[in-house]
Amino acid sequence: MLAPLDTAPAPFAEKPSLAGLTRGELSAALVSAGVPEREARMRTNQIWHWLYHRGATSFDTMTNVSKVLRAELEKVYSLARPEIVTEQISIDGTRKWLIRLPPRPDDKRPHEVEAVYIPEADRGTLCVSSQVGCTLACTFCHTGTQVLVRNLTSQEIVSQLLIARDRIGDWPGMERSKEGLVPDAERAVTNIVFMGMGEPLYNLDGVKDAIDVISDGEGLSLSKRRITVSTSGVVPMIERLGNESGPMLAISLHATNDELRNELVPLNKKYPIKELIEACRNYPGVSNARRITFEYVMLKGVNDSDAEAKKLVSLLKGIPAKINLIPFNPWPGTRYECSDWERIEAFSEIVFRAGYASPVRTPRGRDILAACGQLKSATERLRAKDRAAAQ
């Protein structure tokens with residue numbers, strides 16, 4: 001259902017926000033506001049705590065920061081988050097937010113992305129976007145039907161987590177939301193997956209900086225073992241991701257041969273399966289304790305036969321891995337169907353007997369188009385409408 005917000009969305013702040021900045025960006029912002037460079041590190045640490053440990057949305061709450069400095073900062077900065085256009089809550093408790101980003105100097109209009117919160121009894125996973133739209137055009141993915149508009153900044157990625165924690169009451173001393181399902185746990189957001197809109201490795205610098213903020217032990221403090229970056233196979237960037245950031249890795253695989261994968265994931269024409277698998281074998285830090293997840297969407301009559309299951313096992317031999325089977329989530333206009341449940345179980349059994357964990361991902365949020373492969377913002381539609389108006 002479409003849930004009303006507690007308050008009407010605020011208009012875009014005229015002042016730039018400090019919320020979502022990296023340490024370096026925050027320090028530079030404070031110096032720009034008049035903080036002496038010799039004090040910048042201390043002040044950065046103070047405000048960092050309020051932003052990312054306490055979830056502050058007002059400078060007035062920063063009680064260990066002088067009133068003079070708070071007043072000076074408020075003159076030029078805000079702590080605003082991007083605007084929530086809509087919040088939808090599925091019958092299973094999954095939440096989807098359509099988020100409108102403040103316009104950047106090179107934007108002709110504000111752009112929109114989607115983020116999804118998937119709660120369970122003792123944990124909660126936030127699926128974040130890394131780009132507005134996508135350039136990969138995977139044929140089974142709704143996001144792939146939307147053109148790439150631009151990369152998100154690290155601030156825009158981090159802000160998705162801030163919004164989620166605001167909306168579900170996941171800050172110290174804050175009352176938990178009574179809407180939908182919220183885990184009965186110390187933290188309501190326990191995991192982050194870069195599986196929303198976009199290809200994260202085509203925005204590697206932004207993703208790395210966002211991970212640094214999210215994993216900082218003095219702030220949001222999510223372990224990198226609870227942060228997963230999913231790629232469709234941008235082979236040259238995989239080693240860099242491991243060396244320079246070190247999150248868990250997921251591969252959007254979906255086929256065991258180049259002919260089929262070329263159709264499902266056109267990026268495969270540039271980086272074929274053999275190169276992708278070799279990059280996975282060499283991913284820095286891969287081990288039985290840090291296994292790579294291979295995602296495999298189950299498409300009826302396309303890639304779900306027993307023969308394909310056996311080829312999949314053979315392909316991944318020797319890689320510390322788990323294989324995540326994903327029932328296809330339909331979207332308007334798709335030509336694919338989800339495999340029958342009996343077929344999915346048979347496929348899973350072959351993989352499991354070969355020694356791989358093969359969980360079948362429970363579809364979540366299908367009724368609000370929040371499930372895997374269903375995300376798509378209105379940005380492309382609005383752009384097309386504008387083009388028509390101009391003509």
# chains A, B, ... in the order shown; residues from 1 in each chain; ligands from 1
>>> residues_around(residues="Glu120 of chain A", least_positions_apart="2", cutoff="8 Å", atoms="only C-alpha atoms", output="MDAnalysis selection string")
chainID A and resid 118 122:124 181:183
>>> write_last_selection(atoms="all heavy atoms", output="short mmCIF file (atom, residue, chain, number, x, y, z; two decimals), in the first residue's frame")
data_model
loop_
_atom_site.label_atom_id
_atom_site.label_comp_id
_atom_site.auth_asym_id
_atom_site.auth_seq_id
_atom_site.Cartn_x
_atom_site.Cartn_y
_atom_site.Cartn_z
N ILE A 118 14.17 -4.39 3.60
CA ILE A 118 13.62 -5.75 3.69
C ILE A 118 13.81 -6.25 5.12
O ILE A 118 14.92 -6.68 5.49
CB ILE A 118 14.32 -6.69 2.69
CG1 ILE A 118 14.28 -6.08 1.28
CG2 ILE A 118 13.68 -8.08 2.71
CD1 ILE A 118 15.24 -6.73 0.31
N ASP A 122 14.91 -10.84 12.93
CA ASP A 122 16.06 -10.44 13.73
C ASP A 122 17.08 -9.61 12.95
O ASP A 122 18.20 -9.40 13.41
CB ASP A 122 16.76 -11.68 14.29
CG ASP A 122 17.23 -12.63 13.20
OD1 ASP A 122 16.83 -12.44 12.03
OD2 ASP A 122 17.99 -13.56 13.51
N ARG A 123 16.72 -9.14 11.76
CA ARG A 123 17.65 -8.38 10.94
C ARG A 123 16.87 -7.55 9.92
O ARG A 123 15.69 -7.80 9.68
CB ARG A 123 18.65 -9.28 10.21
CG ARG A 123 17.99 -10.32 9.33
CD ARG A 123 18.99 -11.28 8.72
NE ARG A 123 19.59 -10.71 7.52
CZ ARG A 123 20.63 -11.25 6.88
NH1 ARG A 123 21.21 -12.33 7.38
NH2 ARG A 123 21.11 -10.71 5.80
N GLY A 124 17.56 -6.60 9.32
CA GLY A 124 16.92 -5.80 8.28
C GLY A 124 17.96 -5.43 7.24
O GLY A 124 19.06 -4.97 7.57
N LEU A 181 6.76 -4.02 9.23
CA LEU A 181 7.53 -4.91 10.09
C LEU A 181 8.88 -4.28 10.40
O LEU A 181 9.59 -3.85 9.49
CB LEU A 181 7.74 -6.26 9.38
CG LEU A 181 8.67 -7.27 10.08
CD1 LEU A 181 8.07 -7.72 11.40
CD2 LEU A 181 8.91 -8.48 9.16
N VAL A 182 9.22 -4.20 11.69
CA VAL A 182 10.53 -3.71 12.11
C VAL A 182 11.13 -4.77 13.03
O VAL A 182 10.47 -5.21 13.97
CB VAL A 182 10.43 -2.36 12.84
CG1 VAL A 182 11.81 -1.90 13.28
CG2 VAL A 182 9.79 -1.31 11.93
N PRO A 183 12.35 -5.23 12.78
CA PRO A 183 12.94 -6.30 13.59
C PRO A 183 13.02 -5.93 15.07
O PRO A 183 13.26 -4.77 15.42
CB PRO A 183 14.35 -6.46 13.00
CG PRO A 183 14.26 -5.88 11.64
CD PRO A 183 13.26 -4.78 11.72
#
>>> closest_residue(among="A:Leu79, A:Ile227, A:Ala188, A:Leu253", to="Tyr271 of chain A", atoms="only C-alpha atoms")
A:Leu253
>>> select_by_dssp(residues="segment 308-374 of chain A", states="strand (DSSP E)", output="list in words")
Ala321, Lys322, Ile323, Asn324, Leu325, Ile326 and Pro327 of chain A
>>> closest_atom_pairs(of="segment 176-253 of chain A", to="segment 50-62 of chain A", cutoff="10 Å", atoms="only C-alpha atoms", output="JSON lines")
{"residue": "A:Val213", "atom": "CA", "partner": "A:Tyr52", "partner_atom": "CA", "distance": 8.6}
{"residue": "A:Ile214", "atom": "CA", "partner": "A:Tyr52", "partner_atom": "CA", "distance": 8.6}
{"residue": "A:Asp216", "atom": "CA", "partner": "A:Tyr52", "partner_atom": "CA", "distance": 9.1}
{"residue": "A:Gly217", "atom": "CA", "partner": "A:His53", "partner_atom": "CA", "distance": 9.4}
{"residue": "A:Glu218", "atom": "CA", "partner": "A:His53", "partner_atom": "CA", "distance": 7.1}
{"residue": "A:Gly219", "atom": "CA", "partner": "A:Tyr52", "partner_atom": "CA", "distance": 4.4}
{"residue": "A:Leu220", "atom": "CA", "partner": "A:Tyr52", "partner_atom": "CA", "distance": 5.1}
{"residue": "A:Ser221", "atom": "CA", "partner": "A:His53", "partner_atom": "CA", "distance": 8.2}
>>> atom_distance(atom1="atom CA of Ser159 of chain A", atom2="atom CA of Arg70 of chain A")
21.6 Å
>>> closest_residue(among="A:Ala255, A:Ala321, A:Cys134, A:Met298", to="Ser348 of chain A", atoms="only C-alpha atoms")
A:Met298
>>> residues_around(residues="Asp258 of chain A", least_positions_apart="5", cutoff="12 Å", atoms="only C-alpha atoms", output="ChimeraX atom specification")
/A:253,263-276
>>> write_last_selection(atoms="all heavy atoms", output="compact mmCIF listing (two decimals), in the first residue's frame")
# COMPACT_ATOMS: atom_id res chain seq x y z
N LEU A 253 24.96 -13.50 -12.13
CA LEU A 253 25.45 -14.45 -13.14
C LEU A 253 24.37 -14.88 -14.13
O LEU A 253 24.44 -14.57 -15.30
CB LEU A 253 26.06 -15.67 -12.44
CG LEU A 253 26.77 -16.68 -13.33
CD1 LEU A 253 27.95 -16.06 -14.06
CD2 LEU A 253 27.22 -17.89 -12.51
N GLU A 263 22.65 -12.72 -24.02
CA GLU A 263 21.26 -12.27 -24.18
C GLU A 263 20.72 -11.68 -22.88
O GLU A 263 20.09 -10.61 -22.88
CB GLU A 263 20.38 -13.45 -24.61
CG GLU A 263 18.90 -13.10 -24.69
CD GLU A 263 18.04 -14.33 -24.95
OE1 GLU A 263 18.59 -15.36 -25.40
OE2 GLU A 263 16.83 -14.25 -24.68
N LEU A 264 20.98 -12.37 -21.76
CA LEU A 264 20.42 -11.93 -20.47
C LEU A 264 21.17 -10.74 -19.90
O LEU A 264 20.56 -9.83 -19.32
CB LEU A 264 20.45 -13.09 -19.47
CG LEU A 264 19.65 -14.34 -19.83
CD1 LEU A 264 19.84 -15.40 -18.75
CD2 LEU A 264 18.17 -14.01 -20.02
N VAL A 265 22.49 -10.77 -20.00
CA VAL A 265 23.36 -9.73 -19.44
C VAL A 265 24.30 -9.26 -20.54
O VAL A 265 25.41 -9.78 -20.69
CB VAL A 265 24.17 -10.27 -18.24
CG1 VAL A 265 24.96 -9.15 -17.57
CG2 VAL A 265 23.27 -10.97 -17.22
N PRO A 266 23.90 -8.30 -21.36
CA PRO A 266 24.69 -7.90 -22.52
C PRO A 266 26.13 -7.50 -22.20
O PRO A 266 27.00 -7.58 -23.08
CB PRO A 266 23.90 -6.71 -23.09
CG PRO A 266 22.48 -6.98 -22.69
CD PRO A 266 22.59 -7.61 -21.33
N LEU A 267 26.42 -7.12 -20.96
CA LEU A 267 27.79 -6.79 -20.57
C LEU A 267 28.72 -7.98 -20.80
O LEU A 267 29.94 -7.81 -20.96
CB LEU A 267 27.82 -6.38 -19.10
CG LEU A 267 29.17 -5.99 -18.51
CD1 LEU A 267 29.70 -4.70 -19.16
CD2 LEU A 267 29.08 -5.82 -16.99
N ASN A 268 28.15 -9.19 -20.85
CA ASN A 268 28.96 -10.40 -21.04
C ASN A 268 29.70 -10.39 -22.37
O ASN A 268 30.74 -11.04 -22.52
CB ASN A 268 28.06 -11.63 -20.94
CG ASN A 268 28.85 -12.92 -20.83
OD1 ASN A 268 29.40 -13.21 -19.77
ND2 ASN A 268 28.91 -13.68 -21.91
N LYS A 269 29.17 -9.64 -23.35
CA LYS A 269 29.86 -9.56 -24.64
C LYS A 269 31.21 -8.88 -24.49
O LYS A 269 32.14 -9.15 -25.27
CB LYS A 269 28.99 -8.79 -25.64
CG LYS A 269 27.65 -9.46 -25.93
CD LYS A 269 26.76 -8.56 -26.79
CE LYS A 269 25.38 -9.18 -26.98
NZ LYS A 269 24.47 -8.28 -27.73
N LYS A 270 31.33 -8.01 -23.50
CA LYS A 270 32.59 -7.30 -23.26
C LYS A 270 33.48 -8.08 -22.31
O LYS A 270 34.70 -8.13 -22.47
CB LYS A 270 32.29 -5.92 -22.69
CG LYS A 270 33.50 -5.01 -22.57
CD LYS A 270 33.07 -3.59 -22.18
CE LYS A 270 34.25 -2.63 -22.18
NZ LYS A 270 33.83 -1.25 -21.82
N TYR A 271 32.87 -8.68 -21.29
CA TYR A 271 33.62 -9.44 -20.28
C TYR A 271 32.98 -10.82 -20.15
O TYR A 271 32.10 -11.03 -19.33
CB TYR A 271 33.58 -8.71 -18.93
CG TYR A 271 34.07 -7.28 -18.98
CD1 TYR A 271 33.22 -6.23 -18.71
CD2 TYR A 271 35.39 -6.98 -19.31
CE1 TYR A 271 33.65 -4.91 -18.74
CE2 TYR A 271 35.85 -5.67 -19.36
CZ TYR A 271 34.96 -4.64 -19.07
OH TYR A 271 35.40 -3.34 -19.12
N PRO A 272 33.38 -11.78 -20.99
CA PRO A 272 32.74 -13.10 -21.00
C PRO A 272 32.97 -13.88 -19.72
O PRO A 272 33.77 -13.51 -18.86
CB PRO A 272 33.39 -13.79 -22.21
CG PRO A 272 34.66 -13.05 -22.44
CD PRO A 272 34.43 -11.64 -22.01
N ILE A 273 32.23 -14.97 -19.62
CA ILE A 273 32.18 -15.74 -18.38
C ILE A 273 33.57 -16.18 -17.92
O ILE A 273 33.87 -16.11 -16.72
CB ILE A 273 31.25 -16.96 -18.56
CG1 ILE A 273 29.79 -16.49 -18.65
CG2 ILE A 273 31.43 -17.95 -17.42
CD1 ILE A 273 28.79 -17.61 -18.91
N LYS A 274 34.41 -16.64 -18.82
CA LYS A 274 35.73 -17.12 -18.42
C LYS A 274 36.52 -16.03 -17.69
O LYS A 274 37.13 -16.28 -16.64
CB LYS A 274 36.52 -17.60 -19.64
CG LYS A 274 37.89 -18.18 -19.31
CD LYS A 274 38.60 -18.70 -20.56
CE LYS A 274 39.97 -19.26 -20.21
NZ LYS A 274 40.65 -19.77 -21.44
N GLU A 275 36.49 -14.81 -18.19
CA GLU A 275 37.20 -13.70 -17.55
C GLU A 275 36.57 -13.35 -16.20
O GLU A 275 37.26 -13.04 -15.23
CB GLU A 275 37.19 -12.47 -18.46
CG GLU A 275 37.98 -12.64 -19.75
CD GLU A 275 37.94 -11.37 -20.60
OE1 GLU A 275 37.65 -10.29 -20.06
OE2 GLU A 275 38.19 -11.49 -21.82
N LEU A 276 35.24 -13.40 -16.15
CA LEU A 276 34.53 -13.08 -14.92
C LEU A 276 34.86 -14.08 -13.82
O LEU A 276 35.16 -13.70 -12.68
CB LEU A 276 33.02 -13.04 -15.19
CG LEU A 276 32.11 -12.84 -13.98
CD1 LEU A 276 32.44 -11.53 -13.26
CD2 LEU A 276 30.64 -12.86 -14.42
>>> closest_atom_pairs(of="segment 120-198 of chain A", to="segment 328-341 of chain A", cutoff="9 Å", atoms="only C-alpha atoms", output="CSV")
residue,atom,partner,partner_atom,distance
A:Thr139,CA,A:Thr334,CA,8.3
A:Phe140,CA,A:Tyr336,CA,6.9
A:Cys141,CA,A:Trp331,CA,8.4
A:His142,CA,A:Trp331,CA,6.6
>>> residues_around(residues="Leu312 of chain A", least_positions_apart="4", cutoff="10 Å", atoms="only C-alpha atoms", output="list in words")
Leu253, His254, Ala255, Thr256, Asn257, Phe294, Tyr296, Asp306, Ala307, Glu308, Leu316, Lys317, Ile323, Ile350 and Val351 of chain A
>>> write_last_selection(atoms="N, CA, C and O atoms", output="mmCIF file, in the first residue's frame")
data_model
loop_
_atom_site.group_PDB
_atom_site.id
_atom_site.type_symbol
_atom_site.label_atom_id
_atom_site.label_comp_id
_atom_site.auth_asym_id
_atom_site.auth_seq_id
_atom_site.Cartn_x
_atom_site.Cartn_y
_atom_site.Cartn_z
ATOM 1 N N LEU A 253 24.965 -13.501 -12.133
ATOM 2 C CA LEU A 253 25.453 -14.450 -13.136
ATOM 3 C C LEU A 253 24.368 -14.884 -14.128
ATOM 4 O O LEU A 253 24.438 -14.575 -15.305
ATOM 5 N N HIS A 254 23.426 -15.707 -13.689
ATOM 6 C CA HIS A 254 22.194 -16.032 -14.405
ATOM 7 C C HIS A 254 22.329 -16.972 -15.598
ATOM 8 O O HIS A 254 21.313 -17.358 -16.192
ATOM 9 N N ALA A 255 23.542 -17.324 -15.987
ATOM 10 C CA ALA A 255 23.715 -18.257 -17.107
ATOM 11 C C ALA A 255 25.088 -18.902 -17.000
ATOM 12 O O ALA A 255 25.993 -18.361 -16.358
ATOM 13 N N THR A 256 25.238 -20.059 -17.634
ATOM 14 C CA THR A 256 26.499 -20.798 -17.555
ATOM 15 C C THR A 256 27.258 -20.805 -18.874
ATOM 16 O O THR A 256 28.346 -21.367 -18.962
ATOM 17 N N ASN A 257 26.689 -20.215 -19.920
ATOM 18 C CA ASN A 257 27.374 -20.162 -21.209
ATOM 19 C C ASN A 257 27.250 -18.754 -21.782
ATOM 20 O O ASN A 257 26.302 -18.020 -21.489
ATOM 21 N N PHE A 294 26.841 -15.930 -5.822
ATOM 22 C CA PHE A 294 26.480 -15.919 -7.240
ATOM 23 C C PHE A 294 24.957 -15.915 -7.336
ATOM 24 O O PHE A 294 24.290 -16.840 -6.861
ATOM 25 N N TYR A 296 21.437 -16.049 -9.288
ATOM 26 C CA TYR A 296 20.972 -16.785 -10.466
ATOM 27 C C TYR A 296 19.456 -16.687 -10.503
ATOM 28 O O TYR A 296 18.760 -17.324 -9.706
ATOM 29 N N ASP A 306 17.959 -29.180 -15.289
ATOM 30 C CA ASP A 306 18.937 -29.933 -14.510
ATOM 31 C C ASP A 306 20.322 -29.807 -15.130
ATOM 32 O O ASP A 306 21.333 -29.707 -14.418
ATOM 33 N N ALA A 307 20.383 -29.804 -16.456
ATOM 34 C CA ALA A 307 21.676 -29.698 -17.139
ATOM 35 C C ALA A 307 22.360 -28.373 -16.799
ATOM 36 O O ALA A 307 23.576 -28.325 -16.573
ATOM 37 N N GLU A 308 21.571 -27.295 -16.737
ATOM 38 C CA GLU A 308 22.150 -25.993 -16.387
ATOM 39 C C GLU A 308 22.637 -25.988 -14.945
ATOM 40 O O GLU A 308 23.663 -25.369 -14.623
ATOM 41 N N LEU A 316 31.693 -23.168 -11.186
ATOM 42 C CA LEU A 316 32.147 -22.514 -9.957
ATOM 43 C C LEU A 316 33.080 -23.383 -9.117
ATOM 44 O O LEU A 316 33.466 -22.992 -8.011
ATOM 45 N N LYS A 317 33.466 -24.537 -9.629
ATOM 46 C CA LYS A 317 34.302 -25.452 -8.870
ATOM 47 C C LYS A 317 35.570 -24.758 -8.369
ATOM 48 O O LYS A 317 36.286 -24.108 -9.111
ATOM 49 N N ILE A 323 25.310 -19.998 -3.812
ATOM 50 C CA ILE A 323 24.532 -19.734 -5.013
ATOM 51 C C ILE A 323 23.132 -19.341 -4.578
ATOM 52 O O ILE A 323 22.407 -20.131 -3.974
ATOM 53 N N ILE A 350 20.249 -30.126 -6.814
ATOM 54 C CA ILE A 350 21.476 -30.496 -7.530
ATOM 55 C C ILE A 350 22.647 -29.652 -7.030
ATOM 56 O O ILE A 350 23.747 -30.163 -6.782
ATOM 57 N N VAL A 351 22.428 -28.371 -6.867
ATOM 58 C CA VAL A 351 23.480 -27.471 -6.389
ATOM 59 C C VAL A 351 23.880 -27.820 -4.953
ATOM 60 O O VAL A 351 25.070 -27.871 -4.614
#
>>> residues_around(residues="segment 235-246 of chain A", least_positions_apart="5", cutoff="7 Å", atoms="only C-alpha atoms", output="ChimeraX atom specification")
/A:201,208,224,271,276,279,283-284
>>> write_last_selection(atoms="N, CA and C atoms", output="tab-separated table (two decimals), in the first residue's frame")
chain	number	residue	atom	x	y	z
A	201	LEU	N	29.92	-0.97	-9.89
A	201	LEU	CA	31.33	-0.87	-10.29
A	201	LEU	C	31.55	0.13	-11.42
A	208	LYS	N	32.86	3.34	-3.11
A	208	LYS	CA	33.92	3.16	-2.11
A	208	LYS	C	33.80	4.21	-1.01
A	224	LYS	N	32.07	-4.30	7.18
A	224	LYS	CA	32.14	-4.56	5.74
A	224	LYS	C	31.70	-5.98	5.40
A	271	TYR	N	32.87	-8.68	-21.29
A	271	TYR	CA	33.62	-9.44	-20.28
A	271	TYR	C	32.98	-10.82	-20.15
A	276	LEU	N	35.24	-13.40	-16.15
A	276	LEU	CA	34.53	-13.08	-14.92
A	276	LEU	C	34.86	-14.08	-13.82
A	279	ALA	N	38.31	-13.57	-12.44
A	279	ALA	CA	38.37	-12.42	-11.53
A	279	ALA	C	37.81	-12.80	-10.16
A	283	TYR	N	39.58	-12.67	-6.34
A	283	TYR	CA	39.06	-11.55	-5.55
A	283	TYR	C	39.78	-11.48	-4.21
A	284	PRO	N	40.36	-10.33	-3.88
A	284	PRO	CA	41.13	-10.21	-2.64
A	284	PRO	C	40.31	-10.58	-1.41
>>> closest_residue(among="A:His49, A:Leu299, A:Ala40, A:Arg81", to="Pro172 of chain A", atoms="only C-alpha atoms")
A:His49
>>> select_by_dssp(residues="segment 93-216 of chain A", states="alpha helix (DSSP H)", output="list in words")
Ser154, Gln155, Glu156, Ile157, Val158, Ser159, Gln160, Leu161, Leu162, Ile163, Ala164, Arg165, Asp166, Arg167, Ile168, Leu204, Asp205, Gly206, Val207, Lys208, Asp209, Ala210, Ile211, Asp212, Val213, Ile214 and Ser215 of chain A
>>> residues_around(residues="segment 286-289 of chain A", least_positions_apart="6", cutoff="10 Å", atoms="only C-alpha atoms", output="PyMOL selection string")
chain A and resi 225+242+246+248-249+280+319-322
>>> write_last_selection(atoms="C-alpha atoms", output="short mmCIF file (atom, residue, chain, number, x, y, z; two decimals), in the first residue's frame")
data_model
loop_
_atom_site.label_atom_id
_atom_site.label_comp_id
_atom_site.auth_asym_id
_atom_site.auth_seq_id
_atom_site.Cartn_x
_atom_site.Cartn_y
_atom_site.Cartn_z
CA ARG A 225 31.15 -8.20 6.13
CA GLY A 242 38.53 -5.87 -3.13
CA GLY A 246 36.88 -4.95 0.73
CA MET A 248 31.45 -8.84 0.30
CA LEU A 249 31.07 -9.54 -3.42
CA CYS A 280 36.24 -14.09 -8.86
CA ILE A 319 35.55 -20.92 -5.69
CA PRO A 320 34.37 -20.37 -2.09
CA ALA A 321 30.80 -19.55 -3.01
CA LYS A 322 27.14 -19.73 -2.26
#
>>> closest_residue(among="A:Ala346, A:Val35, A:Leu315, A:Ile47", to="Arg281 of chain A", atoms="only C-alpha atoms")
A:Leu315
>>> atom_distance(atom1="atom CA of Val113 of chain A", atom2="atom CA of Ile99 of chain A")
5.3 Å
>>> closest_residue(among="A:Leu152, A:Ser305, A:Gly34, A:Arg176", to="Ala210 of chain A", atoms="only C-alpha atoms")
A:Leu152
>>> atom_distance(atom1="atom CA of Ser252 of chain A", atom2="atom CA of Gly233 of chain A")
7.2 Å
>>> residues_around(residues="Val76 of chain A", least_positions_apart="5", cutoff="10 Å", atoms="only C-alpha atoms", output="list of chain:residue names")
A:Glu14, A:Lys15, A:Pro16, A:Ser17, A:Ala29, A:Ser32, A:Ala33, A:Ala71
>>> write_last_selection(atoms="N, CA and C atoms", output="mmCIF file, in the first residue's frame")
data_model
loop_
_atom_site.group_PDB
_atom_site.id
_atom_site.type_symbol
_atom_site.label_atom_id
_atom_site.label_comp_id
_atom_site.auth_asym_id
_atom_site.auth_seq_id
_atom_site.Cartn_x
_atom_site.Cartn_y
_atom_site.Cartn_z
ATOM 1 N N GLU A 14 17.829 25.295 0.485
ATOM 2 C CA GLU A 14 18.660 26.197 -0.298
ATOM 3 C C GLU A 14 20.121 26.051 0.104
ATOM 4 N N LYS A 15 20.351 25.636 1.346
ATOM 5 C CA LYS A 15 21.718 25.467 1.840
ATOM 6 C C LYS A 15 22.158 24.026 1.640
ATOM 7 N N PRO A 16 23.409 23.795 1.272
ATOM 8 C CA PRO A 16 23.889 22.408 1.112
ATOM 9 C C PRO A 16 23.860 21.683 2.447
ATOM 10 N N SER A 17 23.628 20.378 2.377
ATOM 11 C CA SER A 17 23.536 19.567 3.586
ATOM 12 C C SER A 17 24.878 18.929 3.926
ATOM 13 N N ALA A 29 34.154 21.349 4.614
ATOM 14 C CA ALA A 29 32.977 22.201 4.782
ATOM 15 C C ALA A 29 33.089 23.057 6.037
ATOM 16 N N SER A 32 35.559 25.813 5.449
ATOM 17 C CA SER A 32 34.937 26.810 4.591
ATOM 18 C C SER A 32 33.984 27.708 5.368
ATOM 19 N N ALA A 33 33.398 27.151 6.446
ATOM 20 C CA ALA A 33 32.473 27.932 7.277
ATOM 21 C C ALA A 33 33.189 28.766 8.328
ATOM 22 N N ALA A 71 25.531 28.239 15.367
ATOM 23 C CA ALA A 71 24.863 29.337 14.656
ATOM 24 C C ALA A 71 25.556 29.636 13.339
#
